[in-house]
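Everything on this sheet refers to the single structure shown next.
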Protein chains: 8
Amino acid sequence: MDKRDIERLLESVRAGKVTVGRAVEQLRHMPFEDLGFAKIDHHRGLRQGFAEVVYAKGKTSQQVVAIVRGMLRGETSHNILITRGDATVFRAVRKLNRNAKFHPLSGAISIRRNRENFGKGAILVVAAGTSDIPVAEEAAVTAEIMGNPVETVYDVGVAGLHRLLHHREKIAAARVIVCAAGMEGALPSVVAGLVSVPVIAVPTSVGYGASFGGLAALLAMLNSCASGVTVVNIDNGFGAGFAASAINKL
Amino acid sequence: MDKRDIERLLESVRAGKVTVGRAVEQLRHMPFEDLGFAKIDHHRGLRQGFAEVVYAKGKTSQQVVAIVRGMLRGETSHNILITRGDATVFRAVRKLNRNAKFHPLSGAISIRRNRENFGKGAILVVAAGTSDIPVAEEAAVTAEIMGNPVETVYDVGVAGLHRLLHHREKIAAARVIVCAAGMEGALPSVVAGLVSVPVIAVPTSVGYGASFGGLAALLAMLNSCASGVTVVNIDNGFGAGFAASAINKL
Amino acid sequence: MDKRDIERLLESVRAGKVTVGRAVEQLRHMPFEDLGFAKIDHHRGLRQGFAEVVYAKGKTSQQVVAIVRGMLRGETSHNILITRGDATVFRAVRKLNRNAKFHPLSGAISIRRNRENFGKGAILVVAAGTSDIPVAEEAAVTAEIMGNPVETVYDVGVAGLHRLLHHREKIAAARVIVCAAGMEGALPSVVAGLVSVPVIAVPTSVGYGASFGGLAALLAMLNSCASGVTVVNIDNGFGAGFAASAINKL
Amino acid sequence: MDKRDIERLLESVRAGKVTVGRAVEQLRHMPFEDLGFAKIDHHRGLRQGFAEVVYAKGKTSQQVVAIVRGMLRGETSHNILITRGDATVFRAVRKLNRNAKFHPLSGAISIRRNRENFGKGAILVVAAGTSDIPVAEEAAVTAEIMGNPVETVYDVGVAGLHRLLHHREKIAAARVIVCAAGMEGALPSVVAGLVSVPVIAVPTSVGYGASFGGLAALLAMLNSCASGVTVVNIDNGFGAGFAASAINKL
Amino acid sequence: MDKRDIERLLESVRAGKVTVGRAVEQLRHMPFEDLGFAKIDHHRGLRQGFAEVVYAKGKTSQQVVAIVRGMLRGETSHNILITRGDATVFRAVRKLNRNAKFHPLSGAISIRRNRENFGKGAILVVAAGTSDIPVAEEAAVTAEIMGNPVETVYDVGVAGLHRLLHHREKIAAARVIVCAAGMEGALPSVVAGLVSVPVIAVPTSVGYGASFGGLAALLAMLNSCASGVTVVNIDNGFGAGFAASAINKL
Amino acid sequence: MDKRDIERLLESVRAGKVTVGRAVEQLRHMPFEDLGFAKIDHHRGLRQGFAEVVYAKGKTSQQVVAIVRGMLRGETSHNILITRGDATVFRAVRKLNRNAKFHPLSGAISIRRNRENFGKGAILVVAAGTSDIPVAEEAAVTAEIMGNPVETVYDVGVAGLHRLLHHREKIAAARVIVCAAGMEGALPSVVAGLVSVPVIAVPTSVGYGASFGGLAALLAMLNSCASGVTVVNIDNGFGAGFAASAINKL
Amino acid sequence: MDKRDIERLLESVRAGKVTVGRAVEQLRHMPFEDLGFAKIDHHRGLRQGFAEVVYAKGKTSQQVVAIVRGMLRGETSHNILITRGDATVFRAVRKLNRNAKFHPLSGAISIRRNRENFGKGAILVVAAGTSDIPVAEEAAVTAEIMGNPVETVYDVGVAGLHRLLHHREKIAAARVIVCAAGMEGALPSVVAGLVSVPVIAVPTSVGYGASFGGLAALLAMLNSCASGVTVVNIDNGFGAGFAASAINKL
Amino acid sequence: MDKRDIERLLESVRAGKVTVGRAVEQLRHMPFEDLGFAKIDHHRGLRQGFAEVVYAKGKTSQQVVAIVRGMLRGETSHNILITRGDATVFRAVRKLNRNAKFHPLSGAISIRRNRENFGKGAILVVAAGTSDIPVAEEAAVTAEIMGNPVETVYDVGVAGLHRLLHHREKIAAARVIVCAAGMEGALPSVVAGLVSVPVIAVPTSVGYGASFGGLAALLAMLNSCASGVTVVNIDNGFGAGFAASAINKL
């Protein structure tokens with residue numbers, strides 16, 4: 001039951017074809033989403049103007065293909081993002097759409113159908129070490145497919161400050177910064193100390209021993225002495241890119 | 001050595017009073033901050049246009065008073081925020097400035113000297129339970145003193161959805177949302193599902209037993225199934241308010 | 001806006017006093033709880049037929065008194081339960097109502113105004129050691145005030161099976177069992193092995209060292225080799241009593 | 001020594017064939033289970049009226065087959081449930097009984113020989129995301145094989161409330177609810193806020209990074225702000241289904 | 001119902017005064033402990049030949065006094081041990097019995113009424129540092145009151161091997177060794193490497209920071225590379241002394 | 001330098017062939033083990049009268065064979081135990097000695113050359129569930145090869161007390177008990193409540209979810225409310241069997 | 001038995017007053033420390049040339065005074081260090097020695113009697129925030145009393161790099177660096193990236209929430225991406241100062 | 001912009017070809033590393049005089065070969081170290097340089113081109129058990145390739161002190177000691193008690209059950225009761241060797 005159905009019901013009430021009691025009963029049971037008029041439909045919101053997302057991990061190629069086929073049939077102007085896929089998934093998806101692009105480090109697959117820019121500025125994705133690049137790439141691909149210009153600065157760990165400071169201009173130019181780091185996870189603190197824009201920190205599971213699968217980096221980022229840092233889950237490049245995009249669209 | 005000193009040095013070089021070799025030597029040792037031209041001075045950045053912050057916990061009233069007196073003497077148009085203070089600190093601060101205001105739940109003390117609005121929209125601070133209000137208040141006071149209009153919605157835990165949904169209009173109107181919750185920390189997921197603006201989740205240490213001092217809420221928020229949620233440290237209302245302000249100023 | 005308001009609106013539509021477009025707009029904004037027709041009002045549900053609950057910890061005596069006064073003024077046939085109170089709170093509450101009863105081990109305060117029995121059978125509360133009795137008492141008081149007959153069996157730890165088995169008749173007679181234990185938390189497994197009714201396990205923080213505040217008992221209960229055991233938070237006697245009551249009312 | 005043996009012994013005493021001293025000695029050593037008259041025989045209890053259960057993980061197909069063959073030979077009216085099996089186990093079991101049914105997501109194998117309904121109402125199994133369905137399926141299959149009508153509602157995570165609320169009628173109709181969720185594990189709190197019947201929460205290991213194998217969801221559920229929620233082990237669909245069945249039979 | 005009752009019942013059966021059916025019914029309900037003939041009565045076992053124990057923590061002086069008074073009235077040849085008491089409890093207990101002895105470091109109070117030696121050899125209690133002595137003392141007092149000769153060697157941490165090796169003769173002479181250590185908990189490994197008798201390791205909560213309340217020592221002891229080491233809970237001197245006594249009585 | 005060397009040196013001193021100063025110097029550097037006269041040679045102690053042990057995990061078959069060949073060449077009356085081996089290791093070892101015996105559940109391989117009984121009584125190994133048998137078997141094989149009579153009681157979890165109590169005679173007859181249990185690890189508490197002999201608890205990694213690889217069982221055992229329980233590392237059947245043997249030889 | 005005793009024994013052997021057999025026996029039992037000729041006496045080593053240390057926490061003023069009095073009576077040229085003391089302890093110690101100096105932030109008390117410089121270069125102590133200064137001070141006082149020149153640089157957290165880089169000259173001049181930081185513990189990584197000398201990282205318990213008492217900083221430091229960083233326990237300023245001193249004396 | 005560029009700029013200023021304002025502007029933007037004159041270039045520092053390092057894990061053979069080829073082309077007098085490689089990587093590297101040497105236990109590959117000794121003394125690497133040798137080897141190879149004489153002492157666990165003390169001479173002769181141990185991680189405490197030189201402790205992941213992947217050893221080492229011990233990450237042989245080398249070069 002959508003807005004149109006409610007109108008029809010009310011018109012029936014007005015025309016005396018439906019009693020008030022019966023109309024109350026129908027309204028009482030109308031599905032919630034129709035009341036909300038799309039406001040609380042997260043997925044619809046997700047779709048508006050940018051992209052639809054499929055999390056491929058734990059799904060078969062066939063399942064991903066079926067979902068993507070449905071998406072391609074639907075809104076033709078939407079971008080499509082598949083996260084945590086692999087070469088097999090990519091080959092299957094590419095048969096559906098020649099423009100599908102594979103990002104092998106992160107396993108992301110993107111289909112860009114709408115090249116409009118929805119962001120107000122540039123999103124900068126910074127990665128501490130080369131091993132953090134898959135997570136950074138996921139953030140970058142996500143932000144791009146959602147219609148943001150994205151810059152990247154990789155391999156600028158805090159143990160070699162000059163490498164980071166070499167990119168000061170890029171850093172200063174960003175409207176939102178995503179900062180991925182494993183091991184001790186110190187990079188977001190240093191980066192946030194250089195800027196006044198929001199910094200989204202992504203701990204990665206890069207490391208061994210007492211990194212405990214990214215826990216060390218996660219705790220470090222949550223305890224950042226630099227104000228303005230917020231944190232997402234370990235290895236959650238998608239979440240960071242999504243949040244950065246949400247900020248950049250404001 | 002500031003910009004003026006560099007000019008003087010260069011003029012001496014030009015005038016032939018200082019050799020090139022000696023000038024190279026001097027430049028090599030010039031303090032970094034002078035080079036950066038304030039760009040990397042986090043504190044100066046913090047001050048620009050909004051507020052100066054003192055973390056009172058672990059400082060004596062005298063120490064806080066000394067710092068605030070210095071601030072009051074400095075830039076006269078800046079707002080001042082003291083976090084984690086108490087009534088004693090407040091009484092001492094109030095002798096310095098009649099406008100000092102105490103926020104007893106969070107222990108925050110604010111001195112508003114500049115009522116300019118730096119934010120582009122409203123920041124909404126949502127708290128799940130009444131016990132989460134101190135943390136929410138810290139976020140609200142921080143965002144306000146940094147020049148943002150702030151709205152609050154309290155006691156809207158997920159076990160009584162109607163209470164939350166009652167405030168849908170306020171929620172829909174916000175440009176940035178701060179969401180504080182203890183116990184199972186589920187509120188940010190639900191709130192982020194209702195909006196497309198950034199949601200900053202603040203886990204609180206409210207709870208007992210297996211809440212492990214807020215760990216349960218923290219983990220829940222990091223694992224939020226709703227996109228667009230980023231997280232700060234347990235009970236870090238200040239950090240959430242600061243990050244929300246940084247976003248709202250974009 | 002309640003059911004009556006909707007009827008009025010619809011009648012205005014029918015009478016042509018309100019246009020369909022305007023009615024749609026009004027319906028779109030009608031508060032959620034009115035739609036739900038009380039079904040999703042947890043608090044109202046809580047009140048129906050048994051009791052209203054105040055969690056006193058972190059509230060002043062004055063605050064508790066204010067809340068209880070409101071409750072006493074409201075539905076006169078409801079029982080009232082205050083959890084985690086103390087003697088001071090009790091003295092204040094007792095001035096409001098002579099029938100207030102203090103349960104000093106758990107800090108619970110109950111005002112029984114309705115002695116109707118809402119449960120279908122007896123709830124048995126079992127405690128492993130004497131130190132677990134405060135938590136067990138909270139469960140027992142909660143179940144009672146919600147209108148259930150409650151039996152208790154205390155000090156029947158698994159290291160002395162004969163003490164437990166001595167109460168086999170009581171155990172066999174229960175319709176729902178709440179089982180509180182600290183330290184190694186083994187009692188629910190043994191009890192659940194003796195019966196086929198639901199057993200709600202409450203880990204307590206009783207213990208020291210590697211009990212880690214009740215974590216050892218909690219993990220043990222979650223890993224129970226006996227089927228039919230479900231678990232609540234550490235020291236959450238209220239939650240166990242409430243869930244037992246919900247089951248017993250089926 | 002069963003009840004019959006005791007009678008025989010007592011008759012010998014009565015007849016003077018056995019001395020009192022010798023009878024005391026024999027009684028003293030009689031196996032405990034004979035005394036309990038099945039009351040404390042968990043397995044017999046398990047069997048009464050519903051099903052026998054085999055946990056296949058860590059057992060070879062041959063071992064499972066041997067156990068099932070024994071069960072098939074025994075009580076012919078009992079249902080049989082094998083949990084955590086796979087296609088190989090299924091093929092082997094199916095040779096024993098044509099009616100064996102494989103539930104591939106959870107790996108459960110069921111042999112329904114008794115279609116009697118032992119439950120008093122319907123058990124509803126709710127799953128937050130599609131990845132939680134295997135655990136939910138295990139709960140559903142368990143509840144069914146124990147003689148309960150089971151309804152399922154899947155993919156109703158809290159980030160899209162409308163999807164959950166769309167099923168309000170089903171939710172309201174349930175006598176017991178099992179609620180499986182991974183990641184932030186918030187669904188049971190929301191569901192329990194909508195109903196007054198018992199809700200059994202099953203955390204799943206769905207998630208990555210700071211989900212720590214389901215720990216995040218487990219802690220969230222234990223800290224639920226909604227009363228009436230009890231929790232079982234991570235991924236323990238069987239335990240949830242069993243407990244729900246125990247409640248539904250009351 | 002004790003052995004005597006069973007005899008009486010059987011005699012009634014023999015005499016034809018009680019039917020077999022009725023006797024079966026009575027036997028079925030006879031309390032378990034009567035069947036077990038004290039074998040499973042842990043407390044009675046505890047009492048046989050050595051001591052009765054009161055855990056004073058969380059009990060008032062009055063409660064402890066009441067329990068001890070009962071013990072003093074009972075078996076007059078039993079030793080009495082109160083653990084985790086304090087000077088106040090001691091003064092109260094001493095009024096009951098002039099021989100009560102206070103062990104101030106551990107808070108143990110002992111009343112020795114039976115000086116018989118139940119152990120087969122000497123128990124040696126070793127403590128790594130002076131801060132570990134309270135726990136060691138609790139073990140020593142427990143072992144003594146249970147009738148064992150006890151030797152102690154304190155302040156022999158592994159960072160000064162010569163101090164430990166200085167006591168080699170005492171170490172070699174022990175029949176059972178209790179070894180208390182905090183911080184890195186390495187002492188039991190070194191001691192067990194020097195002997196072939198059983199070593200009971202007691203981690204203590206001595207330390208700070210990453211000792212996490214004794215967790216570091218506990219884990220170290222559980223991972224001991226020396227065979228023959230078994231471990232009790234953090235700070236559980238009583239448990240170690242008790243287990244050592246159980247071994248020494250073999 | 002052994003005892004003989006010291007005698008020779010002293011005789012040279014006596015004969016005036018070596019000066020006192022030079023002898024002091026030599027003595028100062030003499031290897032420690034010669035001083036200790038085997039007392040602190042753990043390995044030699046291990047060998048005396050029972051067995052030599054090889055931990056096969058992480059070693060190649062060749063390495064194990066080489067070590068065992070050396071052992072077989074050495075003391076011909078010693079038993080040999082290889083823990084955590086597999087069928088491949090066994091086949092290789094069996095070529096060295098026809099009497100080698102494989103214990104497939106635990107991977108232990110034993111070569112019994114000395115059938116003397118060194119223990120004073122029987123060691124009983126109890127396992128809660130069938131999945132705990134590999135660990136229990138390792139304990140049993142270890143205790144046997146060290147010259148102890150060993151009894152086993154398997155599948156007697158606490159959720160079916162009658163199964164455990166059925167074996168009361170065996171339990172009562174043991175001089176030392178090893179008790180292996182995974183999941184909630186409650187069995188040692190119940191067993192220790194039935195006896196007064198030492199109980200060595202072995203947590204196993206049996207379980208899933210919140211068992212956290214045996215942590216739940218470990219914590220439960222450390223917090224046992226039954227006195228006389230000591231604990232070894234998770235899955236450390238060898239350690240438990242070794243400690244039991246050390247006790248049984250006293 | 002010291003070196004002199006051995007000489008005497010050997011001379012008796014030489015003189016024929018003691019038989020070889022008897023001498024062997026005596027040597028066999030001679031205390032270990034006499035063999036080691038002080039080499040393994042850690043405490044004596046500690047004293048040589050620098051200082052004697054008392055850990056005051058958990059000791060009464062009287063106990064500390066008694067120990068210090070003994071030290072003052074002994075080697076008159078040794079420095080004395082008391083860690084974790086307070087004003088009361090200081091007043092008591094100062095009565096013994098007028099030169100006692102109190103370091104109130106760390107609670108350290110030092111008595112400098114020997115001003116010789118044992119270090120080869122300067123030790124630099126760096127602290128991230130003002131709250132880390134107590135720990136840093138303990139390190140500095142320790143290093144000083146052990147005879148090292150010490151420099152300090154405080155309040156140079158990574159969120160304001162210019163503050164740290166302002167002190168580049170001091171940093172470059174140090175031979176060993178101690179680096180104390182709480183919260184995210186990132187400072188040692190940045191500092192170690194600037195130098196090639198050893199950096200000893202001290203995590204502090206400064207922070208709240210997810211700092212978990214310094215765990216976040218500890219893990220960060222252990223996972224430092226900068227080579228050359230080693231770590232001590234949380235808040236262990238003494239250990240860091242001691243290790244730095246050991247390095248600086250090489 | 002390097003030193004030469006600055007000189008050129010200053011000469012242009014002197015010659016009047018460039019205005020002061022323009023020169024200020026250029027200086028302001030000059031890359032940071034040029035200012036620092038290599039002081040903060042960690043990598044350059046790393047290279048000076050010893051070695052370049054590649055962490056092979058997570059890199060393909062091709063990637064490692066490409067990096068090493070570049071290194072071989074660069075500074076011809078530098079040693080090259082590849083950590084965490086394997087036989088495949090080694091074969092590929094060996095084609096580039098005949099002198100490449102494989103250390104199979106640790107997976108390290110070293111190319112020694114410069115045999116100069118940069119260390120002041122010998123570095124001793126001690127390993128507790130044979131399973132700790134891979135980590136110890138990584139430390140030894142690292143220290144060697146950086147130009148230090150390295151000694152090793154393996155299989156000297158604390159449960160057999162005589163084995164460790166047998167090597168007292170070697171231990172006493174070392175200038176820096178690296179000490180690798182898994183399980184209870186006690187070795188560094190014992191070793192540090194024997195010497196006054198710095199001891200770098202490396203916890204290894206050797207162990208099972210409650211070793212939690214090396215956590216037990218890590219915590220033990222951080223809590224060492226022996227002064228002078230500092231710690232690196234679990235299994236971080238490289239870090240320990242690097243830090244030892246940094247100390248040995250002082």
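FYI, nothing fancy with the structure tokens labels: chains A, B, ... in order, residues from 1 per chain, ligands from 1 as they appear.
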**Item:** Contacts of Arg91 of chain F within 12 Å, only C-alpha atoms, excl. fewer than 3 positions in-chain, as a list of chain:residue names
**Value:**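 Within the cut-off, the hits are F:Ser61, F:Gln62, F:Val64, F:Val65, F:Gly85, F:Asp86, F:Ala87, F:Thr88, F:Arg94, F:Lys95, F:Leu96, F:Asn97, F:Arg98, F:Asn99, F:Ala100, F:Lys101, F:Phe102, F:Ile109.
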Could you turn the residues from that selection into a file that holds C-alpha atoms, as a PDB file, in the first residue's frame?
```pdb
ATOM      1  CA  SER F  61      58.578 -38.639  11.410  1.00  0.00           C
ATOM      2  CA  GLN F  62      62.314 -38.821  10.782  1.00  0.00           C
ATOM      3  CA  VAL F  64      60.804 -38.626  16.045  1.00  0.00           C
ATOM      4  CA  VAL F  65      62.358 -41.857  14.805  1.00  0.00           C
ATOM      5  CA  GLY F  85      51.766 -38.280  16.868  1.00  0.00           C
ATOM      6  CA  ASP F  86      49.775 -39.754  14.011  1.00  0.00           C
ATOM      7  CA  ALA F  87      49.526 -42.925  11.899  1.00  0.00           C
ATOM      8  CA  THR F  88      52.566 -41.954   9.812  1.00  0.00           C
ATOM      9  CA  ARG F  94      56.834 -49.439  14.715  1.00  0.00           C
ATOM     10  CA  LYS F  95      59.661 -50.391  12.410  1.00  0.00           C
ATOM     11  CA  LEU F  96      62.007 -49.666  15.300  1.00  0.00           C
ATOM     12  CA  ASN F  97      60.061 -51.647  17.832  1.00  0.00           C
ATOM     13  CA  ARG F  98      57.374 -54.246  17.270  1.00  0.00           C
ATOM     14  CA  ASN F  99      55.731 -53.484  20.602  1.00  0.00           C
ATOM     15  CA  ALA F 100      54.912 -49.894  19.758  1.00  0.00           C
ATOM     16  CA  LYS F 101      51.200 -49.314  20.282  1.00  0.00           C
ATOM     17  CA  PHE F 102      49.104 -46.607  18.682  1.00  0.00           C
ATOM     18  CA  ILE F 109      52.305 -43.961  20.735  1.00  0.00           C
TER      19      ILE F 109
END
```
**Item:** chain A contacts on chain B, only C-alpha atoms, 10 Å, as number ranges by chain
**Value:** B: 36, 38-43, 45-46, 120-121, 168, 172, 175-176, 190-202, 218-234, 236, 238-250
**Prompt:** Per DSSP on the backbone, what are the strand (DSSP E) residues of segment 41-144 of chain A, as a ChimeraX atom specification?
**Reply:** /A:51-55,79-83,101-103,108-111,123-127
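If you count only C-alpha atoms and ignore residues fewer than 2 places along the chain from Asn117 of chain D, what sits within 7 Å of it is Arg115, Gly119, Gly147 and Asn148 of chain D.
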Output file for the selection above: N, CA, C and O atoms, as a PDB file, in the first residue's frame:
```
ATOM      1  N   ARG D 115       3.903 -37.049  13.604  1.00  0.00           N
ATOM      2  CA  ARG D 115       3.524 -35.694  13.203  1.00  0.00           C
ATOM      3  C   ARG D 115       2.595 -35.027  14.225  1.00  0.00           C
ATOM      4  O   ARG D 115       1.994 -33.987  13.961  1.00  0.00           O
ATOM      5  N   GLY D 119       3.256 -28.728  20.847  1.00  0.00           N
ATOM      6  CA  GLY D 119       3.299 -27.335  21.295  1.00  0.00           C
ATOM      7  C   GLY D 119       1.907 -26.763  21.474  1.00  0.00           C
ATOM      8  O   GLY D 119       0.955 -27.204  20.858  1.00  0.00           O
ATOM      9  N   GLY D 147       7.859 -31.215  17.497  1.00  0.00           N
ATOM     10  CA  GLY D 147       6.413 -31.186  17.483  1.00  0.00           C
ATOM     11  C   GLY D 147       5.784 -29.829  17.642  1.00  0.00           C
ATOM     12  O   GLY D 147       4.708 -29.709  18.222  1.00  0.00           O
ATOM     13  N   ASN D 148       6.428 -28.789  17.134  1.00  0.00           N
ATOM     14  CA  ASN D 148       5.874 -27.448  17.226  1.00  0.00           C
ATOM     15  C   ASN D 148       5.609 -26.882  15.835  1.00  0.00           C
ATOM     16  O   ASN D 148       6.417 -27.068  14.926  1.00  0.00           O
TER      17      ASN D 148
END
```
**Message:** For a test of reading the model, state the distance in Å between atom CA of Arg8 of chain A and atom CA of Gly21 of chain C, rounded to one decimal.
**Reply:**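 Atom CA of Gly21 of chain C lies 10.6 Å from atom CA of Arg8 of chain A.
If you measure from each of F:Ile82, F:Leu164, F:Ile111, F:Ala181 to Glu138 of chain F using only C-alpha atoms, the closest one turns out to be F:Ile82.
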